[in-house]
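Structure data follow from query.cif (mmCIF, C-alpha atoms):
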```cif
data_model
loop_
_atom_site.label_atom_id
_atom_site.label_comp_id
_atom_site.auth_asym_id
_atom_site.auth_seq_id
_atom_site.Cartn_x
_atom_site.Cartn_y
_atom_site.Cartn_z
CA TRP A 1228 0.56 4.56 -16.76
CA LYS A 1229 1.85 4.31 -13.21
CA ALA A 1230 2.84 7.99 -13.20
CA LEU A 1231 -0.65 8.95 -14.37
CA VAL A 1232 -2.31 6.77 -11.72
CA LEU A 1233 -0.06 8.13 -8.95
CA GLY A 1234 -0.64 11.68 -10.21
CA VAL A 1235 -4.43 11.30 -10.07
CA SER A 1236 -4.32 9.84 -6.55
CA PHE A 1237 -1.75 12.37 -5.37
CA ALA A 1238 -3.93 15.21 -6.66
CA GLY A 1239 -6.76 13.75 -4.60
CA VAL A 1240 -4.57 13.67 -1.50
CA MET A 1241 -3.51 17.29 -2.06
CA ILE A 1242 -7.15 18.36 -2.40
CA VAL A 1243 -8.06 16.56 0.83
CA VAL A 1244 -5.03 17.84 2.75
CA LEU A 1245 -4.52 21.35 1.36
CA GLY A 1246 -7.75 22.13 -0.48
CA GLY A 1247 -9.19 24.38 2.23
CA GLN A 1248 -6.49 27.03 1.89
CA ALA A 1249 -7.04 30.08 -0.27
CA PRO A 1250 -4.08 31.17 -2.40
CA GLY A 1251 -1.88 33.67 -0.52
CA SER A 1252 -3.71 33.14 2.78
CA GLY A 1253 -0.61 32.76 4.92
CA LEU A 1254 -0.51 28.98 4.62
CA LEU A 1255 1.74 28.42 7.63
CA GLU A 1256 0.38 31.07 10.00
CA GLY A 1257 -1.83 30.54 13.08
CA ALA A 1258 -3.88 27.48 14.04
CA SER A 1259 -4.70 26.73 10.42
CA GLY A 1260 -0.97 26.84 9.63
CA ARG A 1261 -0.24 24.33 12.40
CA MET A 1262 -2.85 22.02 10.89
CA ILE A 1263 -1.25 22.39 7.46
CA VAL A 1264 2.18 21.59 8.89
CA GLY A 1265 0.71 18.44 10.47
CA ASP A 1266 -0.96 17.53 7.18
CA LEU A 1267 2.28 18.06 5.29
CA LEU A 1268 4.15 15.89 7.80
CA THR A 1269 1.52 13.18 7.28
CA LEU A 1270 1.97 13.50 3.52
CA ILE A 1271 5.76 13.28 3.87
CA ASN A 1272 5.27 10.17 6.02
CA ALA A 1273 3.12 8.54 3.32
CA LEU A 1274 5.64 9.41 0.60
CA SER A 1275 8.62 8.18 2.63
CA TYR A 1276 6.80 4.95 3.49
CA SER A 1277 6.02 4.48 -0.20
CA PHE A 1278 9.72 4.89 -0.93
CA PHE A 1279 10.49 2.34 1.82
CA LEU A 1280 8.10 -0.14 0.18
CA VAL A 1281 9.86 0.21 -3.15
CA ILE A 1282 13.40 -0.20 -1.81
CA SER A 1283 12.49 -3.06 0.56
CA LYS A 1284 10.40 -5.15 -1.85
CA ARG A 1285 13.19 -7.59 -2.79
CA LEU A 1286 14.02 -8.26 0.86
CA LEU A 1287 10.37 -8.66 1.85
CA THR A 1288 9.71 -11.19 -0.90
CA ARG A 1289 12.35 -13.44 0.73
CA THR A 1290 11.36 -12.74 4.34
CA ASP A 1291 8.49 -13.96 6.49
CA PRO A 1292 6.00 -11.07 6.85
CA LEU A 1293 5.53 -11.79 10.55
CA GLY A 1294 9.28 -11.71 11.19
CA ALA A 1295 9.70 -8.52 9.16
CA THR A 1296 6.88 -6.87 11.10
CA ALA A 1297 8.39 -7.94 14.43
CA VAL A 1298 11.82 -6.54 13.52
CA LEU A 1299 10.38 -3.27 12.21
CA LEU A 1300 8.23 -2.72 15.30
CA ALA A 1301 11.11 -3.64 17.63
CA PHE A 1302 13.33 -0.98 16.05
CA GLY A 1303 10.47 1.51 16.13
CA THR A 1304 9.89 0.77 19.80
CA LEU A 1305 13.54 1.47 20.57
CA GLY A 1306 13.33 4.85 18.83
CA ILE A 1307 10.09 5.82 20.54
CA PHE A 1308 11.40 4.69 23.92
CA ALA A 1309 14.58 6.73 23.47
CA VAL A 1310 12.52 9.88 22.88
CA GLY A 1311 9.69 9.14 25.31
CA ALA A 1312 11.57 7.65 28.28
CA PRO A 1313 11.48 10.84 30.40
CA ALA A 1314 7.71 11.19 29.97
CA LEU A 1315 7.16 7.47 30.59
CA SER A 1316 9.06 7.64 33.88
CA ALA A 1317 6.61 10.25 35.15
CA VAL A 1318 3.48 8.14 34.49
CA ALA A 1319 1.63 6.70 37.47
CA TRP A 1320 1.00 3.32 35.80
CA SER A 1321 -1.27 2.02 38.58
CA GLU A 1322 -3.66 4.95 37.97
CA VAL A 1323 -4.12 4.27 34.27
CA PRO A 1324 -7.72 3.05 33.79
CA ALA A 1325 -8.36 -0.39 32.29
CA ARG A 1326 -10.23 1.26 29.40
CA VAL A 1327 -7.06 3.17 28.42
CA TRP A 1328 -5.00 -0.05 28.58
CA GLY A 1329 -7.58 -1.70 26.33
CA MET A 1330 -7.54 1.15 23.81
CA GLY A 1331 -3.73 1.10 23.80
CA ALA A 1332 -3.69 -2.65 23.18
CA PHE A 1333 -6.22 -2.24 20.35
CA ILE A 1334 -4.06 0.47 18.71
CA VAL A 1335 -0.91 -1.63 18.97
CA VAL A 1336 -2.49 -4.83 17.63
CA PHE A 1337 -4.89 -3.73 14.89
CA PRO A 1338 -4.01 -0.43 13.19
CA THR A 1339 -0.28 -0.92 13.85
CA ALA A 1340 0.97 -4.53 13.94
CA LEU A 1341 -1.79 -6.07 11.83
CA ALA A 1342 -1.62 -3.25 9.28
CA TYR A 1343 2.15 -3.68 8.87
CA LEU A 1344 1.79 -7.46 8.66
CA LEU A 1345 -0.81 -7.16 5.89
CA MET A 1346 1.31 -4.57 4.08
CA TYR A 1347 4.38 -6.83 4.09
CA TRP A 1348 2.32 -9.85 3.09
CA ALA A 1349 0.93 -7.88 0.13
CA LEU A 1350 4.34 -6.51 -0.80
CA ALA A 1351 5.69 -10.05 -1.18
CA ARG A 1352 2.90 -10.81 -3.67
CA VAL A 1353 2.16 -7.67 -5.72
CA ASP A 1354 3.97 -4.70 -7.24
CA SER A 1355 5.28 -2.16 -4.69
CA PHE A 1356 3.55 0.55 -6.72
CA LEU A 1357 0.18 -0.97 -5.94
CA VAL A 1358 0.93 -1.38 -2.23
CA ALA A 1359 2.16 2.21 -2.00
CA LEU A 1360 -0.93 3.49 -3.80
CA PHE A 1361 -3.17 2.13 -1.08
CA ILE A 1362 -1.41 4.40 1.43
CA TYR A 1363 -3.22 7.27 -0.30
CA LEU A 1364 -6.49 5.87 1.05
CA GLN A 1365 -5.48 6.88 4.59
CA PRO A 1366 -6.75 10.50 4.36
CA VAL A 1367 -10.10 9.28 3.01
CA ILE A 1368 -10.42 6.66 5.75
CA ALA A 1369 -9.43 9.20 8.42
CA SER A 1370 -11.99 11.70 7.10
CA THR A 1371 -14.73 9.08 7.06
CA LEU A 1372 -13.93 7.90 10.59
CA SER A 1373 -13.76 11.47 11.91
CA ALA A 1374 -17.20 12.12 10.44
CA ALA A 1375 -18.62 8.91 11.91
CA PHE A 1376 -17.10 9.17 15.38
CA LEU A 1377 -16.37 12.87 15.91
CA GLY A 1378 -19.22 14.43 13.97
CA GLU A 1379 -16.91 16.27 11.57
CA ARG A 1380 -18.49 17.35 8.30
CA ILE A 1381 -17.49 15.81 4.98
CA GLY A 1382 -17.61 18.61 2.45
CA PRO A 1383 -17.19 18.79 -1.31
CA ARG A 1384 -13.39 19.01 -0.98
CA ILE A 1385 -13.22 15.62 0.79
CA VAL A 1386 -15.64 14.06 -1.70
CA LEU A 1387 -13.68 15.39 -4.72
CA GLY A 1388 -10.27 14.45 -3.29
CA GLY A 1389 -11.52 11.05 -2.14
CA GLY A 1390 -13.04 10.45 -5.57
CA LEU A 1391 -9.70 11.14 -7.25
CA ILE A 1392 -7.91 8.81 -4.83
CA PHE A 1393 -10.42 6.02 -5.51
CA LEU A 1394 -10.15 6.70 -9.26
CA GLY A 1395 -6.38 6.28 -9.03
CA VAL A 1396 -6.76 3.00 -7.14
CA TYR A 1397 -9.36 1.80 -9.67
CA LEU A 1398 -7.08 2.71 -12.59
CA ALA A 1399 -4.19 0.90 -10.90
CA LEU A 1400 -6.23 -2.26 -10.43
CA ARG A 1401 -7.76 -2.22 -13.91
CA PRO A 1402 -4.63 -3.40 -15.80
CA TRP A 1403 -4.33 -6.33 -13.36
CA ARG A 1404 -7.93 -7.32 -14.09
CA ARG A 1405 -7.38 -7.15 -17.85
CA SER A 1406 -4.29 -9.36 -17.54
CA GLU A 1407 -6.32 -11.96 -15.64
CA GLU A 1408 -9.12 -11.80 -18.20
CA ASN A 1409 -6.64 -12.36 -21.05
CA ALA A 1410 -4.99 -15.25 -19.21
CA GLU A 1411 -8.34 -16.96 -18.59
CA GLY A 1412 -9.81 -16.25 -22.03
CA GLY A 1413 -12.16 -13.48 -20.92
CA ALA A 1414 -13.84 -15.51 -18.19
CA LEU A 1415 -13.81 -12.64 -15.66
CA SER A 1416 -16.20 -9.76 -15.99
#
```
Please go through the file and, once you have read it, give me the structure as structure tokens.
Amino acid sequence: WKALVLGVSFAGVMIVVLGGQAPGSGLLEGASGRMIVGDLLTLINALSYSFFLVISKRLLTRTDPLGATAVLLAFGTLGIFAVGAPALSAVAWSEVPARVWGMGAFIVVFPTALAYLLMYWALARVDSFLVALFIYLQPVIASTLSAAFLGERIGPRIVLGGGLIFLGVYLALRPWRRSEENAEGGALS
């Protein structure tokens, strides 16, 4: 069941990420190829993070989600600083506008720290398969936000791929709902 659900959602992700390429069109050539490489790196990131969720579940069920998030982000900061230190030393910090500081703070707090905190909180309470499945929603959310804020067009490929992703999430949640209904004597609808 889990393989089927992941397969449906993964097919949706592949349609969203790679669906615009014609067979034999030189997938990795030119500007379009650079976009595909970026999309593939994003996909690899989602798959590797899913793997991380599976192998870290036992530890995260015994660890405070806030502490786990703090440790993870501290190690990530060290890695980013090691790579970005030369560029950071060249920044004229006093010339950075307040709006940019505010946007940076928003990015650090909400889509980064809060997202990891919620992910670890969920991982301590539900199956790692279910937590990992929700990572597949990222391309759909990114497409929706790019349409809303950047005016990008949502075409049939995004709708079809997004539909498959949501179908996979729905199928994954359905067995949980049936288990609750059975436990409560059919009280849930």
Please identify all polymer residues within 9 Å of range 1337-1348 of chain A, counting all atoms listed in the file, omitting same-chain residues fewer than 3 positions from it, and present them as a PDB file with C-alpha atoms, keeping the file's coordinate frame.
```pdb
ATOM      1  CA  LEU A1280       8.100  -0.140   0.180  1.00  0.00           C
ATOM      2  CA  LYS A1284      10.400  -5.150  -1.850  1.00  0.00           C
ATOM      3  CA  LEU A1287      10.370  -8.660   1.850  1.00  0.00           C
ATOM      4  CA  THR A1288       9.710 -11.190  -0.900  1.00  0.00           C
ATOM      5  CA  ASP A1291       8.490 -13.960   6.490  1.00  0.00           C
ATOM      6  CA  PRO A1292       6.000 -11.070   6.850  1.00  0.00           C
ATOM      7  CA  LEU A1293       5.530 -11.790  10.550  1.00  0.00           C
ATOM      8  CA  GLY A1294       9.280 -11.710  11.190  1.00  0.00           C
ATOM      9  CA  ALA A1295       9.700  -8.520   9.160  1.00  0.00           C
ATOM     10  CA  THR A1296       6.880  -6.870  11.100  1.00  0.00           C
ATOM     11  CA  ALA A1297       8.390  -7.940  14.430  1.00  0.00           C
ATOM     12  CA  LEU A1299      10.380  -3.270  12.210  1.00  0.00           C
ATOM     13  CA  LEU A1300       8.230  -2.720  15.300  1.00  0.00           C
ATOM     14  CA  ALA A1332      -3.690  -2.650  23.180  1.00  0.00           C
ATOM     15  CA  PHE A1333      -6.220  -2.240  20.350  1.00  0.00           C
ATOM     16  CA  ILE A1334      -4.060   0.470  18.710  1.00  0.00           C
ATOM     17  CA  ALA A1351       5.690 -10.050  -1.180  1.00  0.00           C
ATOM     18  CA  ARG A1352       2.900 -10.810  -3.670  1.00  0.00           C
ATOM     19  CA  VAL A1358       0.930  -1.380  -2.230  1.00  0.00           C
TER      20      VAL A1358
END
```
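Comparing the minimum interatomic distances between Gly1239 in chain A and each of A:Gly1303, A:Pro1324, A:Gly1395, A:Gly1311, counting only C-alpha atoms, we find that A:Gly1395 sits nearest.
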To one decimal place, how far is CA of Phe1361 in chain A from CA of Ala1301 in chain A in Å?
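Pair CA of Phe1361 in chain A / CA of Ala1301 in chain A returns 24.2 Å.
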Hits of the PyMOL selection byres ((chain A and resi 1273) around 12) in this structure, as a ChimeraX atom specification:
/A:1237,1240,1266-1272,1274-1280,1358-1366
Rank nothing, just name the residue among A:Gly1390, A:Gly1306, A:Ile1282, A:Leu1398 nearest to Leu1350 in chain A, using all atoms listed in the file.
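Result for the nearest residue to Leu1350 in chain A: A:Ile1282.
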